[in-house]
Every structure is written in C-alpha cells, then in structure tokens.
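The block underneath contains the structure these notes are about, expressed in structure tokens.
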Amino acid sequence: MIEFNDVSKLYETDGETIHALDHVSMSIEKGEFVGVTGSSGSGKSTMMHIMGCLDAVTSGVYLLEGQPIENYSENELAEIRNRKIGFIFQNFNLLNRMTIEENVELPLIYRGVRSAERRRLVGEALGQVGLSDRRKHTPNSVSGGQQQRAAIARAIVTDPALILADEPTGNLDSRTGTDIMTLFSELNAAGRTIVLITHDAGVAAQTHRIVRLADGHIEEDSKETKNGAAIF
Amino acid sequence: MALQSFKIAWKAIAANKMRSFLTMLGIIIGVLALVVLVSLVTSATSAVTDSIESMGNDMLTVAVLDDKGNPIKLKDMDDIAGDESIALTTPILQLNGTAKVGNETYDVSVEGTNSAYFSIEGSELAAGRFLKTADLDNVSHVAVVSYEAAEDAFGIDSAAGARDVVGQTALLNGRKFLVVGVLAEDESIMAAMMSSNAVYIPFTTAERMSDSGSGISQFYAAAKDSESVDRAEQALTEALTSRFRGDEDAFRILNQNTLADTMSDVTNIFALLLGGIAAISLLVGGIGIMNIMLVSVTERTREIGIRKAIGARRAGIMLQFIIEALVICLIGCTIGVAASGGIVTLVSAAMPDMTFSLSGGVIVVAVLFSTAIGLLFGLYPARKAAGMNPIDALRYE
C-alpha cells in the first residue's frame, strides 16, 4: 500500500545540508492504523509531506498503491492528492468563509464530481463523523472537536486510499481528543488506512503500530518488535 | 468549475465589502469619467451636426471676393444659377446696424435678402408675412425680425405677443422701417450658440443703405436635394469662373457638408482626447486592483495551501483569483455605467437646450476595457497564488 524504499530527503539551508530523512525503508499495508512519532526535527513532518505527495524524495523510491511517486508534474501530484489522500491537520485548516458542508464538498469540486452526487457523498461523510446537524454552520461557530470532525469528513469524502493526520488532537482538550481518536479507530475498523503523526506518546499508543523517528532514521517500528506497546 | 470559481470569488469579495468597494472605486471612477465625457461630447457633436444639417446640408454659400468691376445684379442670378441642380438662390447683404425702438437702441444684424431666403433657411413665421418680391421692386422700408430681436427690442415673451409687433415701426440705422413679420423662435443649438438678433430687409433697400456699393457679394444657393449638392457646386463654379474671366480666386464656395464634416472631425478629436484621459484613470484603477489582489493572495496563502493539499490544480487556483479580479472590475464597471446614466440625465435636466444620452459605443468600450484590465492585472497575482508551494503555504501563519 505504502512503501518507502531507501528514501532520503535533503534540505539545503544556508549552505548546510540537512538529512530530514536518511535512507528510510518501511511499508504500510492496507487497513493499518499507524502512529508516526518522534521529537521535533526527527523527520516526521517530512515523512508526512512525502506520503501526502506534497513533496518529492531526493533519492530512493516512494510507492503509493504500488505506484512510484516521482517525476510527476505539479498537476498530476494535485490529482493524486485529490484521489488518494485525505489530509487532517492540527489546526483543522477549514475555510472559515464557507459552511462546513461547502468545506467538505471542496475536494469533490476539484475532482469534478456532479452536483447531485456531491450532495450525496457530503451527506454520507458528515453522517459518519456525526456532524449532520451542523452542516450549515461556518467552522468559526462550532467547537474545536466539531471542526476537526468536519476536517475528517472532508478527508474521507473522496474515499481516499490513505488518511494522513498531522497532530489531529494537538489543538483539542483531552476529552475531545479521545473522541476524535475513537472516531479514527472506527474509521480504521471500517477498513481505512490511517497514518497519524504525533509527538504525544499517549495518542500514539492508541494506534495499532508505532513508528518512531529520530534524526531522519526509523529508531523503532513496533511491527518489528514482538510487543509494540512495550516501547513506551 | 468556472461557476464554482465564480461562487468562491463572490464570497471573497463579499467577505471584505469595504475593501472590495474601495478597490472597485478606481474602476467606477474610471468608467464614469470615460462614459460621461465621451457621451457628453458625442451628444454635443450630434446636436451640432444635426443643427448644421437642419440648416440645409443641400446649401452652398458663395462669396464674391473680387467682382472685376462687373458686380452681379439680381437679374444675373438666373444665369449664374441656371443649372437644374440648383433649386433656389438668395442674395445676402449683411450690415451692422442699430435698431431704435422708442428711446432705446439695440445692436442688430441687418440682412438684406429676398423671399427665397426664408425657404432656404426653413424659417417659420410667428406673425405677419415674409418679404415679397414687390418689397424688393419698390425698395420698401419693411422688415421681418427674428424672434430674438423682437424679444429684445419689443419685449415680447410669447408667440401671441409677436402679433402686436407687426405694424410697429423701428429706426434701422436712422431710417424708419415697418415691421411686417416676426419669425418663430429657433430652438436649435446653432441658433442658441449664434444668438441671432437678426432683422431682414429687402435686398435692394439694404443695397442703398450699404457703403460698399451695389451688386451681390454673397448669396446662398440651395441644391435640389442633398445628392445634387456636388453638381450644384460644380455648376456654380463653372458659371462664376466664366463670369470672372477664368479667375477661380475671385469667389469662394462653401459647402455646408464640408462644414459639418470639419465640425465632427474636431469633436471626434475631443472625444478621443477626453476618452484617452479617462482610460488612463481606468488603468490606474486596474493597478489598484492588482495591488489589492496581491495583498489578498498573501493573506490567503494558507487557504491556497489547503486548496492545493486537497487537490486543487494550478489552473483551478489561477482561475479563482482571475475571476475575482474580473468580478471586481465588472461590478465596478456596471456601477460606473449606471452612475454615468444618472449624471448624463442630470446634465440633460440642467441644460434643457440639449439632449444628452449615453453613447452605446463607449459603454461597449468601457466593458471591454474593464474586462481587459481585470484579466491583465489579475493575471500576476493569480500566477503568484497558483505557483505557491503547498507545504510552505500550509505552514504560513
């Protein structure tokens, strides 16, 4: 489903080369619920950008659903993001001028889905995250937890192969955070592949597999240890 | 996709009403200046040219500059204007004069002429009669006065008052004249511009009052219809050339059409000049739009990042911002045209002598120009937005 083959990512800053990812290899199967964790600067954001086709690798191969993501044009990458990936961000990243319904509809518009079909899919997605009664509200007028639910609805409305969540509970209080994690578990139970990036060990522990990064390397991958939970 | 972009653009404009309006103001003022100025000049032009044409675009004015000691007499006119393309001729002898009514004197322009003059000019009577052939034969001291002159000298204020003027007497350059007719008021723009305090007397009478000797030194000729003007001009040229022994510089023929053409040439240059200045202000408005669009792109960096992350293509983002600039321009243009309509109506109301109307051509130009400005000045900000790196855009605070 997802495969990193000896992936490296270098950044040049002020003449200094930074190895954000240093020869990383790993794979994630369909239906997995993976937590990527690590301290700041460990390379987890870079990993997410590459997984999300927002950034290209410097060397090595990244395969999404068996397709190597390289040498794609900007527009092709946009299309892959639209069809295969659902993003969820720490600060929700909803467009405040639009209603929740319109926010959820947006990826379908960019995909060119017809209006009637869009309405049906948006209704389904909002139903799954339990936000049907808030569809006409703007993001500013609902709680943080509801905003994140809206963002999740936007991520799943296109039925993507991969859901990428970047610190999804970072801006939420612990109770709402737990609710959101429960929602992720439900989505995963329904067969969705989820990669969740977090620095919070407690949140990571609620996933089924933990990949810990440090200095651009995979320091530990619970899939390769006998007891994943024992790492923490 | 375009419909969606339009909706998105509309939301962005509506979200910042004050700023959108101020941005539009540049376009509104530019369109207003363009449409109003050009409309006013065009309306004035057509009023003036209409008025020149109503004086008869089939009319020729002939001035004799040098009669070679052989002045044209009234009886010679039939020979000179014998061509069938010429319907009527009338001699004109202009004298500067004063009219004395009671104890007051007035400056008037005294025109010595004959009955044909009124047919050529298309004059109408308010009261009395025109000049007659008998008046010329008898060298009578009778006068037909223009409505304006009757207003000034006899203080009339209506056509009914004109009847009382007929039968009164006035002293023209010291000679006593009987008023036999008053012309109807001429409401054309040319008459208003030339304020004709004219008094018409028999040509023969004027000839005797003139210091410059006898003979016709100026006459009007009316062609049979507007198509035969050129032929009439040629016929007159030939007749006069032979009379003045081949000297073409002895006389001059002025074609009314040429006058109208010159007039519209001049006003067209005016329209172009004013339109050009207005177009520059539209251009300045366009630069204002680009400026605000650039601010807007920076402000919405994060939004652009989000849109790109969920799959917006370059073209999608570009379209969104270009349509936004275009919508601002076209709303501004619409408001500008509507306001122009209001201003032109006000000007028309303030100047009842003239009719001003919006010129359709300049509205089309304004709409096309605004569209071009929206595209041109929206393009750079839109490219900037579309070229953003989604990762940086998402990180932008």
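Letters A, B, ... mark the chains of the structure tokens in the order given; residue numbers begin at 1 per chain; ligand numbers begin at 1, in order shown.
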Can you write out as JSON lines which residues of chain A fall within 9 Å of chain B, alongside each residue's closest atom pair and its distance in Å to one decimal, counting only C-alpha atoms and ordering rows by chain and ascending residue number?
{"residue": "A:His49", "atom": "CA", "partner": "B:Ile391", "partner_atom": "CA", "distance": 7.5}
{"residue": "A:Gly52", "atom": "CA", "partner": "B:Ala309", "partner_atom": "CA", "distance": 8.3}
{"residue": "A:Cys53", "atom": "CA", "partner": "B:Ala309", "partner_atom": "CA", "distance": 8.8}
{"residue": "A:Leu54", "atom": "CA", "partner": "B:Ile391", "partner_atom": "CA", "distance": 6.5}
{"residue": "A:Asp55", "atom": "CA", "partner": "B:Ile391", "partner_atom": "CA", "distance": 7.6}
{"residue": "A:Glu74", "atom": "CA", "partner": "B:Arg313", "partner_atom": "CA", "distance": 7.7}
{"residue": "A:Asn75", "atom": "CA", "partner": "B:Arg313", "partner_atom": "CA", "distance": 5.4}
{"residue": "A:Glu76", "atom": "CA", "partner": "B:Arg313", "partner_atom": "CA", "distance": 8.4}
{"residue": "A:Leu77", "atom": "CA", "partner": "B:Gly311", "partner_atom": "CA", "distance": 8.1}
{"residue": "A:Ala78", "atom": "CA", "partner": "B:Gly311", "partner_atom": "CA", "distance": 4.5}
{"residue": "A:Glu79", "atom": "CA", "partner": "B:Gly311", "partner_atom": "CA", "distance": 5.6}
{"residue": "A:Ile80", "atom": "CA", "partner": "B:Gly311", "partner_atom": "CA", "distance": 7.5}
{"residue": "A:Arg81", "atom": "CA", "partner": "B:Gly311", "partner_atom": "CA", "distance": 5.4}
{"residue": "A:Asn82", "atom": "CA", "partner": "B:Gly311", "partner_atom": "CA", "distance": 4.0}
{"residue": "A:Arg83", "atom": "CA", "partner": "B:Gly311", "partner_atom": "CA", "distance": 7.8}
{"residue": "A:Ile85", "atom": "CA", "partner": "B:Ile310", "partner_atom": "CA", "distance": 7.9}
{"residue": "A:Gly86", "atom": "CA", "partner": "B:Ile310", "partner_atom": "CA", "distance": 7.2}
{"residue": "A:Phe87", "atom": "CA", "partner": "B:Ile310", "partner_atom": "CA", "distance": 7.2}
{"residue": "A:Asn93", "atom": "CA", "partner": "B:Ile306", "partner_atom": "CA", "distance": 6.5}
{"residue": "A:Leu94", "atom": "CA", "partner": "B:Ile306", "partner_atom": "CA", "distance": 7.8}
{"residue": "A:Leu95", "atom": "CA", "partner": "B:Glu303", "partner_atom": "CA", "distance": 6.6}
{"residue": "A:Arg97", "atom": "CA", "partner": "B:Lys11", "partner_atom": "CA", "distance": 7.2}
{"residue": "A:Met98", "atom": "CA", "partner": "B:Lys11", "partner_atom": "CA", "distance": 8.2}
{"residue": "A:Leu106", "atom": "CA", "partner": "B:Ile310", "partner_atom": "CA", "distance": 7.9}
{"residue": "A:Pro107", "atom": "CA", "partner": "B:Ile310", "partner_atom": "CA", "distance": 5.6}
{"residue": "A:Ile109", "atom": "CA", "partner": "B:Met1", "partner_atom": "CA", "distance": 7.4}
{"residue": "A:Tyr110", "atom": "CA", "partner": "B:Ala312", "partner_atom": "CA", "distance": 5.7}
{"residue": "A:Arg111", "atom": "CA", "partner": "B:Gly311", "partner_atom": "CA", "distance": 7.6}
{"residue": "A:Gly112", "atom": "CA", "partner": "B:Met1", "partner_atom": "CA", "distance": 7.5}
{"residue": "A:Arg154", "atom": "CA", "partner": "B:Ile310", "partner_atom": "CA", "distance": 8.7}
{"residue": "A:Ala155", "atom": "CA", "partner": "B:Ile310", "partner_atom": "CA", "distance": 8.1}
Deliver the residues from the most recent selection as a file, using N, CA and C atoms, as an mmCIF file, in the first residue's frame.
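See selection-v8.cif below for the written result:
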data_model
loop_
_atom_site.group_PDB
_atom_site.id
_atom_site.type_symbol
_atom_site.label_atom_id
_atom_site.label_comp_id
_atom_site.auth_asym_id
_atom_site.auth_seq_id
_atom_site.Cartn_x
_atom_site.Cartn_y
_atom_site.Cartn_z
ATOM 1 N N HIS A 49 4.870 14.782 4.486
ATOM 2 C CA HIS A 49 4.794 15.509 3.213
ATOM 3 C C HIS A 49 5.040 14.581 2.035
ATOM 4 N N GLY A 52 2.124 12.298 1.640
ATOM 5 C CA GLY A 52 0.973 13.045 1.132
ATOM 6 C C GLY A 52 1.184 13.623 -0.250
ATOM 7 N N CYS A 53 2.318 13.275 -0.880
ATOM 8 C CA CYS A 53 2.620 13.767 -2.225
ATOM 9 C C CYS A 53 2.661 15.294 -2.267
ATOM 10 N N LEU A 54 3.045 15.903 -1.155
ATOM 11 C CA LEU A 54 3.230 17.344 -1.147
ATOM 12 C C LEU A 54 4.680 17.665 -1.463
ATOM 13 N N ASP A 55 5.529 16.681 -1.326
ATOM 14 C CA ASP A 55 6.953 16.892 -1.509
ATOM 15 C C ASP A 55 7.535 15.669 -2.223
ATOM 16 N N GLU A 74 3.318 18.950 -11.226
ATOM 17 C CA GLU A 74 2.560 19.541 -10.131
ATOM 18 C C GLU A 74 1.081 19.169 -10.225
ATOM 19 N N ASN A 75 0.549 19.231 -11.455
ATOM 20 C CA ASN A 75 -0.871 18.938 -11.635
ATOM 21 C C ASN A 75 -1.193 17.476 -11.379
ATOM 22 N N GLU A 76 -0.270 16.585 -11.780
ATOM 23 C CA GLU A 76 -0.502 15.161 -11.528
ATOM 24 C C GLU A 76 -0.473 14.881 -10.032
ATOM 25 N N LEU A 77 0.458 15.543 -9.330
ATOM 26 C CA LEU A 77 0.516 15.370 -7.877
ATOM 27 C C LEU A 77 -0.776 15.866 -7.230
ATOM 28 N N ALA A 78 -1.299 17.012 -7.747
ATOM 29 C CA ALA A 78 -2.548 17.547 -7.211
ATOM 30 C C ALA A 78 -3.656 16.523 -7.386
ATOM 31 N N GLU A 79 -3.664 15.857 -8.521
ATOM 32 C CA GLU A 79 -4.708 14.887 -8.778
ATOM 33 C C GLU A 79 -4.566 13.659 -7.867
ATOM 34 N N ILE A 80 -3.309 13.227 -7.657
ATOM 35 C CA ILE A 80 -3.096 12.088 -6.760
ATOM 36 C C ILE A 80 -3.547 12.434 -5.342
ATOM 37 N N ARG A 81 -3.211 13.646 -4.891
ATOM 38 C CA ARG A 81 -3.646 14.084 -3.556
ATOM 39 C C ARG A 81 -5.162 14.069 -3.475
ATOM 40 N N ASN A 82 -5.775 14.549 -4.530
ATOM 41 C CA ASN A 82 -7.227 14.642 -4.539
ATOM 42 C C ASN A 82 -7.890 13.262 -4.485
ATOM 43 N N ARG A 83 -7.320 12.290 -5.207
ATOM 44 C CA ARG A 83 -7.989 10.996 -5.330
ATOM 45 C C ARG A 83 -7.594 10.014 -4.248
ATOM 46 N N ILE A 85 -5.558 10.686 -1.218
ATOM 47 C CA ILE A 85 -5.131 11.075 0.126
ATOM 48 C C ILE A 85 -6.141 12.018 0.759
ATOM 49 N N GLY A 86 -6.404 11.769 2.052
ATOM 50 C CA GLY A 86 -7.218 12.702 2.815
ATOM 51 C C GLY A 86 -6.374 13.278 3.932
ATOM 52 N N PHE A 87 -6.262 14.635 3.944
ATOM 53 C CA PHE A 87 -5.416 15.275 4.958
ATOM 54 C C PHE A 87 -6.246 15.748 6.153
ATOM 55 N N ASN A 93 -7.582 23.555 9.486
ATOM 56 C CA ASN A 93 -7.447 24.078 8.117
ATOM 57 C C ASN A 93 -8.741 24.010 7.325
ATOM 58 N N LEU A 94 -9.804 24.483 7.950
ATOM 59 C CA LEU A 94 -11.064 24.631 7.207
ATOM 60 C C LEU A 94 -11.104 26.064 6.688
ATOM 61 N N LEU A 95 -11.858 26.293 5.645
ATOM 62 C CA LEU A 95 -12.003 27.655 5.121
ATOM 63 C C LEU A 95 -13.181 28.314 5.838
ATOM 64 N N ARG A 97 -14.764 31.040 5.559
ATOM 65 C CA ARG A 97 -15.831 31.761 4.852
ATOM 66 C C ARG A 97 -16.945 30.825 4.390
ATOM 67 N N MET A 98 -16.634 29.538 4.368
ATOM 68 C CA MET A 98 -17.616 28.600 3.824
ATOM 69 C C MET A 98 -18.269 27.824 4.953
ATOM 70 N N LEU A 106 -15.561 20.637 -1.093
ATOM 71 C CA LEU A 106 -14.481 21.198 -1.916
ATOM 72 C C LEU A 106 -13.645 20.164 -2.691
ATOM 73 N N PRO A 107 -13.145 19.082 -2.024
ATOM 74 C CA PRO A 107 -12.331 18.123 -2.804
ATOM 75 C C PRO A 107 -13.118 17.488 -3.946
ATOM 76 N N ILE A 109 -15.431 19.015 -5.666
ATOM 77 C CA ILE A 109 -15.484 20.007 -6.745
ATOM 78 C C ILE A 109 -14.209 19.932 -7.569
ATOM 79 N N TYR A 110 -13.067 19.861 -6.865
ATOM 80 C CA TYR A 110 -11.793 19.800 -7.595
ATOM 81 C C TYR A 110 -11.676 18.496 -8.377
ATOM 82 N N ARG A 111 -12.415 17.490 -7.946
ATOM 83 C CA ARG A 111 -12.365 16.224 -8.673
ATOM 84 C C ARG A 111 -13.317 16.244 -9.864
ATOM 85 N N GLY A 112 -14.251 17.191 -9.856
ATOM 86 C CA GLY A 112 -15.183 17.302 -10.981
ATOM 87 C C GLY A 112 -16.411 16.425 -10.823
ATOM 88 N N ARG A 154 -14.122 15.969 5.455
ATOM 89 C CA ARG A 154 -13.547 16.432 4.193
ATOM 90 C C ARG A 154 -12.491 15.433 3.688
ATOM 91 N N ALA A 155 -11.747 14.821 4.666
ATOM 92 C CA ALA A 155 -10.691 13.893 4.269
ATOM 93 C C ALA A 155 -11.271 12.581 3.735
#
Would you give me, as an NGL selection string, the residues in range 79-173 of chain B that DSSP reads as alpha helix (DSSP H)? :B and (79-80 or 116-121 or 133-137 or 147-154 or 159-165)
Within 7 Å of range 218-235 of chain B using only C-alpha atoms, minus same-chain residues under 4 positions, as a PyMOL selection string: chain B and resi 57-64+83+85-93+120+239
What's the 7 Å shell around range 327-329 of chain B, counting only C-alpha atoms, without same-chain residues fewer than 6 positions away, as a PDB file with all heavy atoms, in the first residue's frame?
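Output (part_33.pdb):
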ATOM      1  N   MET B  24     -12.962  48.703  -6.092  1.00  0.00           N
ATOM      2  CA  MET B  24     -13.822  48.957  -7.249  1.00  0.00           C
ATOM      3  C   MET B  24     -13.869  50.431  -7.606  1.00  0.00           C
ATOM      4  O   MET B  24     -14.045  50.793  -8.759  1.00  0.00           O
ATOM      5  CB  MET B  24     -15.255  48.546  -6.912  1.00  0.00           C
ATOM      6  CG  MET B  24     -15.588  47.140  -7.240  1.00  0.00           C
ATOM      7  SD  MET B  24     -17.245  46.834  -6.604  1.00  0.00           S
ATOM      8  CE  MET B  24     -17.066  45.149  -6.131  1.00  0.00           C
ATOM      9  N   ILE B  27     -12.114  51.647 -10.536  1.00  0.00           N
ATOM     10  CA  ILE B  27     -12.752  51.271 -11.807  1.00  0.00           C
ATOM     11  C   ILE B  27     -14.015  52.099 -12.015  1.00  0.00           C
ATOM     12  O   ILE B  27     -14.285  52.580 -13.114  1.00  0.00           O
ATOM     13  CB  ILE B  27     -13.086  49.762 -11.801  1.00  0.00           C
ATOM     14  CG1 ILE B  27     -11.813  48.942 -11.697  1.00  0.00           C
ATOM     15  CG2 ILE B  27     -13.876  49.369 -13.045  1.00  0.00           C
ATOM     16  CD1 ILE B  27     -10.880  49.061 -12.874  1.00  0.00           C
ATOM     17  N   SER B 370     -12.646  47.258 -19.097  1.00  0.00           N
ATOM     18  CA  SER B 370     -12.656  46.757 -17.717  1.00  0.00           C
ATOM     19  C   SER B 370     -12.310  45.273 -17.686  1.00  0.00           C
ATOM     20  O   SER B 370     -11.564  44.818 -16.810  1.00  0.00           O
ATOM     21  CB  SER B 370     -14.028  46.958 -17.078  1.00  0.00           C
ATOM     22  OG  SER B 370     -14.388  48.303 -17.118  1.00  0.00           O
ATOM     23  N   THR B 371     -12.854  44.528 -18.647  1.00  0.00           N
ATOM     24  CA  THR B 371     -12.552  43.100 -18.707  1.00  0.00           C
ATOM     25  C   THR B 371     -11.056  42.887 -18.931  1.00  0.00           C
ATOM     26  O   THR B 371     -10.419  42.083 -18.240  1.00  0.00           O
ATOM     27  CB  THR B 371     -13.342  42.434 -19.860  1.00  0.00           C
ATOM     28  OG1 THR B 371     -14.706  42.819 -19.729  1.00  0.00           O
ATOM     29  CG2 THR B 371     -13.228  40.938 -19.810  1.00  0.00           C
ATOM     30  N   GLY B 374      -9.199  43.627 -15.779  1.00  0.00           N
ATOM     31  CA  GLY B 374      -9.355  42.545 -14.816  1.00  0.00           C
ATOM     32  C   GLY B 374      -8.436  41.379 -15.143  1.00  0.00           C
ATOM     33  O   GLY B 374      -7.758  40.839 -14.266  1.00  0.00           O
TER      34      GLY B 374
END
Can you tell me which residues surround Arg120 in chain A at a distance of at most 12 Å, considering only C-alpha atoms, apart from same-chain residues fewer than 4 positions away, and format the answer as number ranges by chain? A: 101, 104-105, 108, 113-116, 124-127, 157-158
Report, in Å with one decimal, the straight-line distance from CA of Ile292 in chain B to CA of Met388 in chain B.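 Going from CA of Ile292 in chain B over to CA of Met388 in chain B, I get 17.9 Å.
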Would you mind reading off the distance between CA of Val110 in chain B and CA of Ala47 in chain B, one decimal, in Å?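 One can read the CA of Val110 in chain B to CA of Ala47 in chain B distance as 27.2 Å.
Nearest residue to His23 in chain A among A:Asp215, A:Leu131, A:Gln146, A:Ser222 is A:Asp215, counting only C-alpha atoms.
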For Ile69 in chain A, work out the shell of residues within 8 Å, counting only C-alpha atoms and skipping chain neighbours fewer than 6 positions away, then give it as a PyMOL selection string. chain A and resi 53+56+61-63
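CA of Val367 in chain B is found 23.7 Å from CA of Asn16 in chain B.
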Quick one: everything within 8 Å of Gly170 in chain A, counting only C-alpha atoms, minus sequence neighbours fewer than 3 positions away in the same chain. Send it as a PyMOL selection string. chain A and resi 90-91+167+177
How would the residues just picked look written out with C-alpha atoms as a PDB file, in the first residue's frame?
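What ended up in again-v8.pdb:
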ATOM      1  CA  GLN A  90      -3.673  20.047  13.775  1.00  0.00           C
ATOM      2  CA  ASN A  91      -5.405  23.393  13.252  1.00  0.00           C
ATOM      3  CA  GLU A 167      -1.282  16.061  15.175  1.00  0.00           C
ATOM      4  CA  GLY A 177      -9.064  14.372  21.678  1.00  0.00           C
TER       5      GLY A 177
END
